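Source file: entry.cif. Holds: mmCIF, C-alpha atoms and all ligand atoms.
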```
data_structure
loop_
_atom_site.label_atom_id
_atom_site.label_comp_id
_atom_site.auth_asym_id
_atom_site.auth_seq_id
_atom_site.Cartn_x
_atom_site.Cartn_y
_atom_site.Cartn_z
CA MET A 444 0.00 0.00 0.00
CA LYS A 445 1.33 3.41 -0.95
CA LEU A 446 2.17 5.59 2.04
CA THR A 447 2.15 9.36 2.36
CA PHE A 448 5.50 10.50 3.71
CA GLU A 449 7.67 13.55 4.15
CA GLU A 450 11.35 13.85 3.48
CA HIS A 451 13.91 16.35 4.78
CA GLY A 452 17.64 16.86 4.33
CA THR A 453 20.32 14.86 2.56
CA GLY A 454 22.86 12.27 3.70
CA LYS A 455 22.42 9.14 5.83
CA PRO A 456 18.89 7.82 5.26
CA ILE A 457 16.88 7.54 8.47
CA VAL A 458 13.30 6.32 8.59
CA LEU A 459 11.19 6.92 11.71
CA LEU A 460 7.93 5.05 12.33
CA HIS A 461 5.29 6.65 14.48
CA ALA A 462 3.24 5.41 17.45
CA PHE A 463 -0.47 4.60 17.68
CA PRO A 464 -2.69 6.59 17.12
CA LEU A 465 -0.39 9.38 15.93
CA SER A 466 1.13 10.17 12.54
CA ARG A 467 4.46 11.18 11.01
CA LYS A 468 3.96 14.58 12.64
CA MET A 469 5.08 13.12 15.97
CA TRP A 470 8.68 13.29 14.72
CA GLN A 471 8.53 17.06 14.08
CA PRO A 472 10.83 17.85 17.08
CA GLN A 473 13.57 15.60 15.65
CA ILE A 474 13.74 16.90 12.06
CA LYS A 475 16.05 19.89 12.56
CA ALA A 476 18.46 18.00 14.82
CA LEU A 477 18.75 15.21 12.25
CA ILE A 478 19.19 17.46 9.22
CA THR A 479 22.00 19.23 11.06
CA LYS A 480 23.73 15.85 11.40
CA ASN A 481 23.54 15.26 7.64
CA CYS A 482 20.62 12.90 7.63
CA ARG A 483 18.00 12.31 4.96
CA VAL A 484 14.93 11.99 7.15
CA ILE A 485 12.00 9.92 5.85
CA LEU A 486 8.78 10.06 7.84
CA PRO A 487 5.90 7.89 6.61
CA ASP A 488 2.31 7.88 7.82
CA LEU A 489 1.61 4.21 8.50
CA ARG A 490 -1.53 2.89 6.80
CA GLY A 491 -4.72 4.40 8.20
CA PHE A 492 -2.94 7.25 9.99
CA GLY A 493 -2.19 10.87 9.08
CA GLU A 494 -2.61 11.15 5.33
CA SER A 495 -2.20 7.46 4.46
CA HIS A 496 -5.92 6.94 4.11
CA ASN A 497 -6.06 3.37 2.75
CA PHE A 498 -6.26 0.48 5.16
CA SER A 499 -7.84 -2.95 5.68
CA ASP A 500 -10.08 -4.34 8.44
CA ILE A 501 -7.00 -5.63 10.22
CA ASN A 502 -3.80 -3.69 9.82
CA SER A 503 -1.20 -6.24 10.76
CA MET A 504 2.24 -5.06 11.82
CA GLU A 505 3.61 -7.19 8.99
CA ASP A 506 1.48 -5.45 6.35
CA MET A 507 2.54 -2.09 7.73
CA ALA A 508 6.17 -3.23 7.51
CA LYS A 509 5.70 -4.29 3.88
CA ASP A 510 4.35 -0.80 3.12
CA VAL A 511 7.54 0.70 4.56
CA ALA A 512 9.69 -1.70 2.51
CA GLU A 513 7.79 -0.64 -0.62
CA LEU A 514 8.45 2.99 0.21
CA LEU A 515 12.20 2.32 0.61
CA GLU A 516 12.13 0.53 -2.73
CA ALA A 517 10.34 3.44 -4.41
CA LEU A 518 12.88 5.89 -2.95
CA LYS A 519 15.73 3.60 -4.06
CA ILE A 520 17.08 3.45 -0.51
CA GLU A 521 19.00 0.20 -0.05
CA ARG A 522 19.83 0.60 3.62
CA ALA A 523 18.66 2.99 6.27
CA ILE A 524 18.85 3.63 9.97
CA ILE A 525 15.33 2.64 10.98
CA GLY A 526 13.57 3.65 14.16
CA GLY A 527 10.14 3.21 15.65
CA LEU A 528 8.31 4.33 18.75
CA SER A 529 5.88 1.90 20.35
CA MET A 530 3.62 0.64 17.50
CA GLY A 531 6.31 1.96 15.15
CA GLY A 532 8.72 -0.39 16.94
CA TYR A 533 6.35 -3.34 16.52
CA VAL A 534 6.37 -2.58 12.79
CA LEU A 535 10.16 -2.26 12.87
CA PHE A 536 10.53 -5.79 14.26
CA GLU A 537 8.40 -7.17 11.40
CA LEU A 538 10.43 -5.21 8.86
CA PHE A 539 13.65 -6.54 10.38
CA LYS A 540 12.37 -10.13 10.13
CA LEU A 541 11.40 -9.64 6.48
CA PHE A 542 14.28 -7.49 5.25
CA PRO A 543 17.21 -7.35 7.69
CA GLU A 544 19.46 -6.23 4.84
CA LYS A 545 17.59 -2.92 4.68
CA PHE A 546 18.85 -1.91 8.14
CA ALA A 547 22.03 0.02 8.92
CA ALA A 548 21.03 0.43 12.57
CA LEU A 549 17.97 0.17 14.82
CA ILE A 550 16.34 2.78 17.03
CA LEU A 551 13.82 1.22 19.40
CA CYS A 552 11.84 3.76 21.42
CA ASP A 553 9.30 2.94 24.12
CA THR A 554 8.48 -0.31 22.38
CA SER A 555 8.50 -4.05 22.96
CA PHE A 556 9.47 -7.31 21.28
CA ALA A 557 6.73 -9.14 23.20
CA ALA A 558 3.22 -10.06 22.05
CA ASP A 559 0.27 -8.75 24.05
CA SER A 560 -0.46 -10.48 27.35
CA ASP A 561 -4.00 -11.89 27.65
CA ASP A 562 -4.99 -8.90 29.79
CA LYS A 563 -3.56 -6.42 27.32
CA ARG A 564 -5.35 -8.16 24.44
CA LYS A 565 -8.62 -8.08 26.34
CA ALA A 566 -8.10 -4.37 27.04
CA ARG A 567 -7.59 -3.79 23.30
CA PHE A 568 -10.86 -5.52 22.43
CA ASP A 569 -12.66 -3.47 25.12
CA LEU A 570 -11.17 -0.34 23.57
CA ILE A 571 -12.29 -1.45 20.10
CA GLU A 572 -15.87 -1.80 21.42
CA LYS A 573 -15.72 1.66 22.93
CA ILE A 574 -14.40 3.19 19.70
CA GLU A 575 -17.10 1.44 17.68
CA LYS A 576 -19.73 2.84 20.05
CA SER A 577 -18.43 6.35 20.67
CA GLY A 578 -15.83 7.13 17.98
CA ALA A 579 -12.09 7.73 18.16
CA GLN A 580 -12.60 10.69 20.51
CA ILE A 581 -12.81 8.07 23.28
CA LEU A 582 -9.05 7.51 22.89
CA ILE A 583 -8.49 10.82 24.68
CA GLU A 584 -9.93 9.57 27.97
CA ALA A 585 -9.06 5.90 27.44
CA MET A 586 -5.38 6.32 26.54
CA LEU A 587 -3.99 9.79 27.00
CA PRO A 588 -3.86 9.91 30.84
CA ASP A 589 -1.34 7.04 30.91
CA LEU A 590 0.84 8.19 28.04
CA THR A 591 2.81 11.09 29.45
CA SER A 592 4.82 11.76 32.60
CA ASN A 593 3.46 13.83 35.49
CA ASN A 594 5.96 16.51 34.60
CA THR A 595 4.55 16.74 31.06
CA LYS A 596 0.97 16.85 32.35
CA THR A 597 1.79 19.67 34.74
CA ASN A 598 4.29 21.69 32.75
CA ASN A 599 3.57 21.09 29.08
CA GLN A 600 -0.04 21.98 28.42
CA VAL A 601 0.82 22.85 24.82
CA LEU A 602 1.85 19.24 24.14
CA MET A 603 -1.13 17.81 26.05
CA ILE A 604 -3.53 19.93 23.96
CA GLU A 605 -1.74 18.99 20.72
CA LEU A 606 -2.02 15.31 21.64
CA GLU A 607 -5.74 15.68 22.38
CA LYS A 608 -6.21 17.33 19.00
CA SER A 609 -4.27 14.57 17.21
CA PHE A 610 -6.26 11.85 18.99
CA ALA A 611 -9.54 13.56 18.09
CA GLU A 612 -8.59 13.54 14.39
CA VAL A 613 -7.94 9.79 14.25
CA ASN A 614 -10.04 7.74 11.82
CA ALA A 615 -12.03 5.39 14.09
CA LYS A 616 -12.00 2.48 11.65
CA ALA A 617 -8.25 2.77 11.11
CA ALA A 618 -7.68 2.85 14.88
CA VAL A 619 -9.73 -0.33 15.23
CA ALA A 620 -7.80 -1.99 12.38
CA ALA A 621 -4.46 -1.16 14.01
CA LEU A 622 -5.65 -2.29 17.45
CA ARG A 623 -6.62 -5.63 15.90
CA GLY A 624 -3.22 -5.80 14.21
CA MET A 625 -1.38 -5.11 17.46
CA ALA A 626 -3.51 -7.68 19.32
CA GLN A 627 -2.56 -10.44 16.90
CA ARG A 628 1.14 -9.70 16.67
CA LYS A 629 3.55 -12.50 17.60
CA ASP A 630 6.30 -12.62 20.18
CA ASN A 631 9.63 -11.49 18.73
CA SER A 632 11.99 -12.47 21.53
CA ASN A 633 13.90 -14.77 19.17
CA VAL A 634 14.65 -11.78 16.94
CA LEU A 635 16.62 -10.03 19.67
CA ASP A 636 19.49 -12.55 19.54
CA SER A 637 19.80 -12.09 15.80
CA VAL A 638 20.37 -8.33 15.93
CA SER A 639 24.06 -7.57 15.60
CA LEU A 640 23.70 -4.08 14.14
CA PRO A 641 24.20 -0.92 16.19
CA THR A 642 21.04 -0.41 18.23
CA ILE A 643 19.84 2.28 20.57
CA LEU A 644 16.97 1.83 22.99
CA ILE A 645 15.43 5.10 24.10
CA PHE A 646 12.76 4.96 26.79
CA GLY A 647 10.95 7.51 28.91
CA LYS A 648 11.86 6.74 32.52
CA GLU A 649 8.17 6.99 33.44
CA ASP A 650 6.77 4.96 30.56
CA LYS A 651 3.57 3.36 31.92
CA ILE A 652 2.71 1.56 28.68
CA ILE A 653 5.89 -0.46 28.20
CA ASN A 654 7.59 -1.60 31.38
CA LEU A 655 11.26 -0.64 31.69
CA SER A 656 12.06 -4.31 32.33
CA VAL A 657 11.29 -4.79 28.60
CA ALA A 658 13.92 -2.18 27.74
CA GLU A 659 16.42 -3.90 30.02
CA LYS A 660 15.72 -7.30 28.48
CA MET A 661 16.25 -5.91 24.97
CA HIS A 662 19.46 -4.26 26.14
CA GLN A 663 20.73 -7.57 27.55
CA LYS A 664 19.82 -9.58 24.48
CA ILE A 665 20.84 -7.22 21.70
CA LEU A 666 24.57 -7.20 21.28
CA ASN A 667 25.91 -3.68 20.57
CA SER A 668 22.91 -1.97 22.14
CA ASN A 669 22.82 1.23 24.20
CA LEU A 670 19.99 1.97 26.58
CA VAL A 671 19.15 5.60 27.27
CA LEU A 672 16.48 6.55 29.79
CA ILE A 673 14.89 9.95 29.36
CA GLU A 674 14.18 11.85 32.57
CA ASP A 675 10.69 13.30 33.14
CA ALA A 676 9.30 11.49 30.12
CA GLY A 677 6.58 8.87 29.80
CA HIS A 678 5.68 6.86 26.72
CA TYR A 679 6.16 9.72 24.25
CA SER A 680 9.80 10.34 25.12
CA ASN A 681 10.65 12.17 21.85
CA LEU A 682 7.78 14.62 22.27
CA GLU A 683 8.02 15.10 26.02
CA GLN A 684 11.77 15.74 26.25
CA PRO A 685 12.96 16.47 22.70
CA GLU A 686 16.32 17.90 23.78
CA GLN A 687 17.37 14.87 25.81
CA PHE A 688 15.97 12.59 23.13
CA ASN A 689 17.74 14.39 20.29
CA THR A 690 21.05 14.36 22.12
CA ALA A 691 20.84 10.57 22.50
CA LEU A 692 19.64 10.13 18.92
CA THR A 693 22.24 12.31 17.23
CA GLN A 694 25.13 10.93 19.29
CA PHE A 695 24.07 7.45 18.23
CA ILE A 696 23.68 8.38 14.57
CA GLY A 697 27.17 9.87 14.61
CA THR A 698 28.52 6.38 15.37
CA VAL A 699 26.67 4.59 12.56
CA ASN A 700 28.13 4.03 9.10
CA SER A 701 25.37 3.63 6.55
C1 LIG B 1 1.55 3.17 20.89
O1 LIG B 1 1.96 4.15 21.52
O2 LIG B 1 1.89 2.96 19.72
C2 LIG B 1 0.60 2.23 21.60
O3 LIG B 1 0.43 2.63 22.91
C3 LIG B 1 1.14 0.83 21.52
C4 LIG B 1 0.27 -0.17 22.20
O4 LIG B 1 -0.90 0.09 22.47
O5 LIG B 1 0.77 -1.29 22.46
#
```
Translate this structure into structure tokens?
Amino acid sequence: MKLTFEEHGTGKPIVLLHAFPLSRKMWQPQIKALITKNCRVILPDLRGFGESHNFSDINSMEDMAKDVAELLEALKIERAIIGGLSMGGYVLFELFKLFPEKFAALILCDTSFAADSDDKRKARFDLIEKIEKSGAQILIEAMLPDLTSNNTKTNNQVLMIELEKSFAEVNAKAAVAALRGMAQRKDNSNVLDSVSLPTILIFGKEDKIINLSVAEKMHQKILNSNLVLIEDAGHYSNLEQPEQFNTALTQFIGTVNS
């Protein structure tokens, strides 16, 4: 499926995959920092989100990954540094399984290799019911309170309002399709051992969605990985603390040959 994307700068290709239920716009605070480090930044809207309006009843992480591979093909990019935050990371794992040769390095932010637990899966199906009854607006009360740190809630009203606006704009059917796709994704713990490329794990220290033990496990299992914890950030570490995040990101990118 053809994805809408934006592209900035020239140099090392870097592709960043957004979280649920956001869009490529979530990477806005990283663009300038990356261009300054001579990166060609590619930001797709995953199917159903932002301006990528086509989607199926179930948007599997694998199908989303194939869309990204098609985009790389169309842009004639053989290898890129590829990163993903949360759902973007789930897609990244599928892309890595399908096309490891397309990776120069991995950036795993606030994400997990694990499949949903039974409780998490049940919570997703409850959320699907709510969305089908009341629309995507329900995501604001059902998800947003757990996504950011207390510091962000208290001191960054601008971001909280922007997030509410983004959540309110989500296409309800696309949100349901992605929730189904996340619910059916498989465990990827066996992939961790096979990653020998440079990898950075960036997690908000107060991430309530993905437990920090997941970050530590990935750090243990992935050879050549760095783990950076972002202070005063929750699940949206790149949006909540862009300066800390960009410092970690650009230092890492400086070490990668692509
Ligand atoms: C996300 O931020 O992409 C979602 O919270 C991921 C999830 O629900 O597992």
Using all atoms listed in the file, which residues have at least one atom no more than 6 Å from ligand LIG 1 (chain B)? Output them as a PyMOL selection string. chain A and resi 462-463+529-530
Nearest to Leu602 of chain A by atom-to-atom distance, counting all atoms listed in the file, from A:Glu683, A:Glu513, A:Glu449, A:Asp506: A:Glu683
Report as a ChimeraX atom specification all protein, DNA and RNA residues lying within 12 Å of segment 454-458 of chain A, evaluated on only C-alpha atoms, omitting residues in the same chain fewer than 6 positions from it. /A:448,467,470,473-474,477-489,508,511-512,514-515,518-528,531-532,535,538,545-551,692-693,696-701
All residues 9 Å or closer to Lys509 of chain A, only C-alpha atoms, same chain fewer than 6 positions away omitted, as a list of chain:residue names: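 Residues meeting the cut-off are A:Met444, A:Glu537, A:Leu538, A:Leu541.
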Pairwise distance for atom CA of Asn594 of chain A and atom CA of Pro464 of chain A, rounded to one decimal in Å: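 Distance reported for this atom pair: 21.9 Å.
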Separation of atom CA of Lys608 of chain A from atom CA of Lys576 of chain A, in Å and rounded to one decimal: 19.8 Å
Residue nearest Phe556 of chain A - candidates A:Ile574, A:Val634, A:Ala617, A:Met625, atoms counted: only C-alpha atoms: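 Comparing A:Ile574, A:Val634, A:Ala617, A:Met625 against Phe556 of chain A, the winner is A:Val634.
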List as a ChimeraX atom specification: which residues have an atom within 10 Å of (22.0, 15.0, 28.5), counting all atoms listed in the file? /A:671,673-674,686-691
Which one is closest to Leu666 of chain A: A:Glu584, A:Asp636, A:Glu544, A:Glu649? Count only C-alpha atoms.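 Ranked by minimum distance to Leu666 of chain A, first place goes to A:Asp636.
Minimum distance to Ser592 of chain A across A:Leu644, A:Leu635, A:Leu682, A:Ile665 (counting only C-alpha atoms) occurs at A:Leu682.
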Using only C-alpha atoms, can you tell me which of A:Gln471, A:Ser555, A:Ser577, A:Thr591 comes closest to Lys660 of chain A?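 Nearest to Lys660 of chain A: A:Ser555.
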With distances taken over only C-alpha atoms, which residue among A:Gln580, A:Asn599, A:Asn593, A:Gln694 lies nearest Ala615 of chain A?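 With only C-alpha atoms as the atom set, the closest residue is A:Gln580.
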Shell of 12 Å around Arg564 of chain A, only C-alpha atoms, local chain residues under 3 positions omitted, as a PyMOL selection string: chain A and resi 558-561+567-571+622-628
Hey, what's within 12 Å of Phe610 of chain A if we count only C-alpha atoms and toss same-chain stuff fewer than 6 positions away? As number ranges by chain, please? A: 462-466, 469, 492-493, 574, 578-587, 603-604, 618
